[in-house]
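Some notes on the structure that comes next.
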Amino acid sequence: MSQMHEQFHNSLLLQWQSVMQDNTVFNFYATSTPANFGYFSCSFSKHTESQIKLIRLLPSSTYTPYSFIFAFLNNALSDSPYSLQEAVEKTTQYKPLQKTLMAILQKRPYKRPEIFITDYLFFENKAFTDAIIKLVEILITTPTIFSIIGWQYACPSDLKLLKILAKHNISAPLLVLISIDTQHALTHRQDDEEWESFIDWLDDAYLLHKVPNFKAIPMTGTQLESLQTLNFELVEKNILLMAWPEAISLARFLLEKTMLPEQLKQTLRLRLSEALLFDGQLDSALNELEMLQIFSEQFSCHDEKIHLLNLLSLTLTRRQNFDDAIVHAELAYQAAQQANNEQLIIQSLFINFFAHHKSSSPMPLQEFDRLDLSLQQHNMDCSRLYLLRNYYTYLRFYDELDPIIAVDVTHLAMQIARDMGHTQGIAASYHSKGIIYSYCNRYHAADRCFAVSSRIHSQIGDQNECLKIHNGKGYFNNLREQYRDAQKEYLSAFNIASQIDNDSELVVTLFNFAWLYFCTNNYQHAITILDQIVRICRIRQITHFPFRNIYDVISLKGYCHAKLEQLANAEQCLERMQGLPFKPSRTAEFLRALLQGSLYKVNNKLQQAREVFENAPSILKNIIDLDTCLLPKCHLELLEIYSAQGEWEKTHSLIDNSLLLCEALSIPRYRDIFNNLKQHVWHKQPISAYNFTFFPLPETPLPLNKIVRSAKQLTQLRQAQQHVREIQLINRLHSLHENFNCSQELTDEALKLICGKFNIHIGFIHHLNGNKWCLWNQFGETDKQTEVDYCLKQVFNSKKPFIENGFYTQGEYGKRSTYNFITSFPIFVDGHLYAAMTLKCVNVNRYLNQQNKNILSIICHQLGNQIQHLHHHENLIKMSQTDPLTGLFNRQALLSRLQQELLLHAQNDTSQQCALAYVDLDNFKLINDRLGHDIGDKVIYEFSELLLDSVRSVDIVARWGGG
């Protein structure tokens with residue numbers, strides 16, 4: 001060995017000593033000669049008398065995530081005392097991951113029985129990387145060299161995994177040697193963000209060594225295989241491994257570079273959309289899914305159509321477009337029922353629950369119970385865990401629910417999470433339990449639950465879950481009147497919410513701030529924040545967010561204005577509440593009562609104010625809600641009126657009841673206020689609720705204007721994207737005439753596209769024949785033909801679109817309203833009313849708005865142009881093939897048909913009989929000369945009619961002479 005080689009080996013020997021003490025060491029090398037790196041690795045293995053595993057990454061490795069580590073682990077398993085199952089069970093307690101790892105290491109296909117839940121993706125990814133680390137620690141027990149050649153081909157998921165492995169103190173005697181062809185990477189990966197991030201990390205954390213030339217020696221050790229076939233199955237495997245970037249890039253590669261059957265292309269695009277969704281590329285996912293929806297008829301089976309609708313619902317839910325998300329989930333559920341596929345019925349019903357839950361508007365309780373039973377029967381534990389741990393949210397909407405039952409349900413969720421090793425599910429269940437305990441004023445139990453949940457979530461590190469923890473702890477502290485602690489928690493929540501793309505969590509965090517200021521009588525601060533919440537909700541078209549809705553915002557804002565005697569603003573809020581399309585929650589209804597009573601009181605209508613305040617507590621009934629701390633405020637308002645009216649006996653009684661309430665709710669600050677008021681009442685001194693200064697809080701300026709600007713920019717971007725998708729639909733309709741020669745076939749395809757794009761339940765196109773409408777095309781079924789007839793009558797009379805929106809259900813206590821709508825649009829051809837398109841939906845979460853009307857008007861205008869184009873085309877063909885006098889085929893058309901018949905005769909081996917007859921009119925010239933050409937033309941016409949009456953329908957009559 002030369003002196004240079006010996007020095008190079010000696011530099012590694014120090015690190016080898018660390019490996020011998022059960023540590024994993026990583027070294028990186030820059031080399032453009034893979035063989036030389038292999039010689040170096042084998043030379044060092046021989047020098048240390050250790051075993052070596054070599055693997056070479058290939059250009060195709062950019063599509064095959066984790067192939068290097070699984071090849072290494074598979075080889076290590078063969079030398080391990082553990083069976084595969086034993087090793088996997090020691091690696092992770094999370095049972096779904098155990099099944100995935102078993103399938104991957106056994107190299108067998110496996111399909112996960114449940115769709116990924118987006119809330120759990122962070123946990124699932126962390127569980128996967130933790131399992132890989134544990135597998136290395138379990139399987140590598142003797143000093144080993146792992147040489148990876150060609151790291152410049154590593155895919156994004158491999159780059160992330162290697163960084164995690166290198167940062168983790170792995171307890172395994174392993175030396176990992178990695179070669180990178182830096183020149184190749186510089187040429188081929190210069191615009192690759194993941195690669196640039198990896199190189200930046202490498203520059204900061206490691207040295208990139210150069211390898212001297214080594215003498216060629218026989219390659220010793222184990223050569224591992226990284227080659228995998230690039231096909232549809234690999235896309236599915238990448239999705240199973242949550243390797244979204246590789247699933248996306250491989251799907252696009254296969255779509256662009258390979259010749260695939262059209263049905264397989266559609267299925268591949270569906271998998272591409274799924275990967276885009278879970279990778280967080282929501283706009284790209286939505287574009288793909290909406291284009292697939294237009295061509296959904298090309299899917300080979302109903303399962304894929306249902307999966308498409310479910311993916312659309314999940315994508316729209318993540319974009320916080322909850323109304324359309326619920327519509328798609330319900331369509332998927334209906335389609336699954338029609339297909340009689342129990343697995344898809346349950347999955348679609350769960351996604352329906354997911355969309356409802358995220359929109360803060362629960363699905364009916366009986367549907368919840370049915371879903372729970374179905375999930376249990378089909379062992380869909382991940383979905384059932386998510387369902388049960390969110391049961392507590394129903395306490396806000398259903399008076400009859402017992403919080404003790406909610407605790408039991410949440411405890412069941414916790415048990416499921418423990419049984420399946422779902423750490424995040426355990427933490428989330430503790431959080432849910434803490435909220436229920438706080439509803440019941442069991443503050444010590446709530447505190448313990450929040451502490452456990454917070455500790456587990458901090459270990460997992462999921463920002464979204466940490467945000468919810470901060471909001472939950474903040475509200476809990478607010479309830480206990482620990483206002484400064486609440487403010488700190490809300491500030492932590494706000495810092496997270498402002499960095500992630502989640503409008504709902506941002507709005508609920510801001511509302512929590514406003515509620516904190518309201519509770520501490522900092523009414524102007526509360527109004528400032530509530531004003532911005534109203535603006536954000538208007539811009540982003542948000543009506544519901546976790547535990548709250550816009551009614552709560554406006555009612556709280558109005559009451560704060562009333563407390564500051566800003567009467568015009570307070571009355572404006574009262575008017576705005578009346579125009580909302582759903583009924584208020586009990587909290588909002590209670591606040592509205594306080595607002596109305598305050599306005600009466602300011603206007604010196606004390607008796608009316610007294611009646612409102614006395615009746616207000618009955619609004620809350622037995623609802624379990626943190627907002628029951630509003631009752632002391634109501635009592636203060638009543639005390640002011642009683643004292644003004646000299647009702648001292650009632651005043652004494654109300655103070656005593658208020659003190660009991662404060663003890664029950666554990667709110668000592670209010671208790672002190674009522675104790676102090678006792679002295680005023682004893683001396684019969686009037687009480688003024690406006691004079692209560694409550695609790696000063698530190699200034700915490702929030703960048704509200706920046707948040708509103710960001711909301712505007714995001715909305716404008718999404719509106720632009722929506723316009724692009726609408727233009728794509730219009731372009732698709734524009735090219736329809738190229739595929740159809742008949743108006744009725746064209747309108748049938750157009751109706752399918754429109755109903756698919758707008759999620760329409762029922763659609764018709766009627767053709768106007770004189771004064772009578774004739775049905776041309778139909779999509780779906782209706783049992784109310786009279787509604788359709790009425791719409792058609794309106795269109796016939798006005799020649800304008802007719803739209804009728806109405807409520808199906810008006811949301812009770814903060815739940816979302818549902819709507820019916822029916823509309824009819826005229827279709828004009830050559831300036832005349834030619835047809836009408838009628839669309840109808842029942843029990844949907846949206847109504848037909850002006851934007852929908854505009855785009856449908858454009859579509860119907862274009863459809864009229866397409867029909868007109870077809871008519872002109874038909875006329876041109878007719879003119880080129882027919883004799884203008886008789887309407888028979890002309891000579892050119894006859895020759896064309898004759899050629900077809902002769903070809904048919906030849907192909908059928910003369911078994912197809914045909915005949916040609918030539919008829920001439922003798923002395924026809926005499927008729928023209930004696931009676932004139934007009935009479936001659938009549939003779940020709942009458943003779944042509946005689947011929948047509950004399951032949952069969954399959955025969956052909958043509959005019960050989962003439963024009």
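Residues are referred to by chain and number: the chain letter is A, B, ... according to the order shown in the structure tokens, the number counts from 1 in that chain, and ligands are numbered separately from 1 in the order shown.
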
- If we count only C-alpha atoms, what is near segment 708-716 of chain A at a cut-off of 12 Å, once residues fewer than 2 positions away on the same chain are taken out, given as JSON, numbers by chain? {"A": [283, 319, 320, 321, 498, 499, 501, 502, 503, 504, 506, 507, 529, 531, 532, 533, 534, 535, 536, 537, 538, 539, 540, 541, 542, 702, 703, 704, 705, 706, 718, 719, 720, 721, 722, 723]}

Keeping only N, CA and C atoms, write the selected residues to a file as a compact mmCIF listing (two decimals), in the first residue's frame.
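Full text of part24.txt as output:
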# COMPACT_ATOMS: atom_id res chain seq x y z
N ASP A 283 -53.25 22.90 -5.45
CA ASP A 283 -53.75 23.47 -6.70
C ASP A 283 -53.51 22.51 -7.87
N ARG A 319 -58.13 22.72 1.11
CA ARG A 319 -58.16 24.11 0.63
C ARG A 319 -59.20 24.95 1.36
N GLN A 320 -59.89 24.31 2.32
CA GLN A 320 -60.93 24.95 3.13
C GLN A 320 -62.11 25.45 2.29
N ASN A 321 -62.36 24.75 1.19
CA ASN A 321 -63.57 24.97 0.39
C ASN A 321 -64.57 23.91 0.83
N SER A 498 -49.77 31.61 11.73
CA SER A 498 -49.41 32.58 10.68
C SER A 498 -48.37 32.02 9.72
N GLN A 499 -47.78 30.85 10.05
CA GLN A 499 -46.76 30.26 9.19
C GLN A 499 -47.28 29.09 8.36
N ASP A 501 -50.53 27.17 6.13
CA ASP A 501 -51.66 27.53 5.26
C ASP A 501 -52.93 26.89 5.80
N ASN A 502 -53.51 27.51 6.84
CA ASN A 502 -54.74 26.97 7.42
C ASN A 502 -55.56 28.13 7.95
N ASP A 503 -56.46 28.62 7.09
CA ASP A 503 -57.27 29.79 7.46
C ASP A 503 -58.14 29.52 8.68
N SER A 504 -58.70 28.32 8.79
CA SER A 504 -59.62 28.01 9.88
C SER A 504 -58.92 28.13 11.23
N LEU A 506 -56.18 29.79 11.87
CA LEU A 506 -55.78 31.18 12.08
C LEU A 506 -56.96 31.99 12.60
N VAL A 507 -58.13 31.80 12.00
CA VAL A 507 -59.31 32.57 12.41
C VAL A 507 -59.72 32.21 13.83
N ILE A 529 -59.78 43.19 16.62
CA ILE A 529 -59.51 41.85 16.08
C ILE A 529 -60.73 41.30 15.36
N ASP A 531 -63.07 42.90 13.82
CA ASP A 531 -63.22 43.57 12.52
C ASP A 531 -62.38 42.85 11.45
N GLN A 532 -61.14 42.49 11.81
CA GLN A 532 -60.27 41.83 10.85
C GLN A 532 -60.74 40.40 10.56
N ILE A 533 -61.31 39.74 11.58
CA ILE A 533 -61.85 38.40 11.35
C ILE A 533 -62.99 38.47 10.34
N VAL A 534 -63.86 39.46 10.48
CA VAL A 534 -64.97 39.63 9.53
C VAL A 534 -64.44 39.84 8.12
N ARG A 535 -63.38 40.64 7.99
CA ARG A 535 -62.80 40.90 6.68
C ARG A 535 -62.20 39.63 6.08
N ILE A 536 -61.46 38.87 6.90
CA ILE A 536 -60.85 37.63 6.42
C ILE A 536 -61.94 36.64 5.99
N CYS A 537 -62.98 36.52 6.81
CA CYS A 537 -64.07 35.59 6.48
C CYS A 537 -64.78 36.01 5.19
N ARG A 538 -64.94 37.31 4.99
CA ARG A 538 -65.58 37.78 3.77
C ARG A 538 -64.70 37.50 2.56
N ILE A 539 -63.41 37.76 2.69
CA ILE A 539 -62.48 37.55 1.57
C ILE A 539 -62.37 36.08 1.22
N ARG A 540 -62.24 35.23 2.24
CA ARG A 540 -62.01 33.81 2.02
C ARG A 540 -63.32 33.01 1.98
N GLN A 541 -64.45 33.73 2.14
CA GLN A 541 -65.78 33.10 2.10
C GLN A 541 -65.88 31.99 3.16
N ILE A 542 -65.46 32.32 4.36
CA ILE A 542 -65.52 31.39 5.49
C ILE A 542 -66.76 31.74 6.32
N LEU A 702 -50.54 42.38 16.92
CA LEU A 702 -50.66 41.31 15.93
C LEU A 702 -50.68 41.95 14.53
N PRO A 703 -49.93 41.39 13.58
CA PRO A 703 -49.89 41.97 12.23
C PRO A 703 -51.17 41.67 11.44
N LEU A 704 -52.28 42.29 11.90
CA LEU A 704 -53.58 41.95 11.32
C LEU A 704 -53.71 42.40 9.87
N ASN A 705 -53.20 43.59 9.56
CA ASN A 705 -53.30 44.09 8.18
C ASN A 705 -52.54 43.19 7.21
N LYS A 706 -51.40 42.68 7.68
CA LYS A 706 -50.61 41.77 6.84
C LYS A 706 -51.38 40.48 6.58
N ARG A 718 -56.46 32.02 -6.14
CA ARG A 718 -57.37 30.89 -6.32
C ARG A 718 -58.49 31.22 -7.30
N GLN A 719 -58.92 32.48 -7.30
CA GLN A 719 -59.92 32.90 -8.28
C GLN A 719 -59.35 32.80 -9.70
N ALA A 720 -58.08 33.20 -9.84
CA ALA A 720 -57.43 33.09 -11.15
C ALA A 720 -57.33 31.63 -11.58
N GLN A 721 -56.97 30.77 -10.63
CA GLN A 721 -56.90 29.33 -10.94
C GLN A 721 -58.26 28.76 -11.30
N GLN A 722 -59.30 29.25 -10.62
CA GLN A 722 -60.66 28.81 -10.94
C GLN A 722 -61.04 29.24 -12.35
N HIS A 723 -60.65 30.48 -12.71
CA HIS A 723 -60.95 30.96 -14.07
C HIS A 723 -60.22 30.10 -15.11

- What's the 8 Å shell around Gly936 of chain A, counting only C-alpha atoms, without same-chain residues fewer than 6 positions away, as an MDAnalysis selection string? chainID A and resid 924 927:928

- Which residues come within 10 Å of Leu833 of chain A, counting only C-alpha atoms, excluding same-chain residues fewer than 3 positions away, as a ChimeraX atom specification? /A:767-769,795-796,799,826-830,836,864

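Distances here use only C-alpha atoms; by that measure, the residue among A:Asn521, A:Gln98, A:Gln293, A:Asn27 closest to Arg269 of chain A is A:Gln293.
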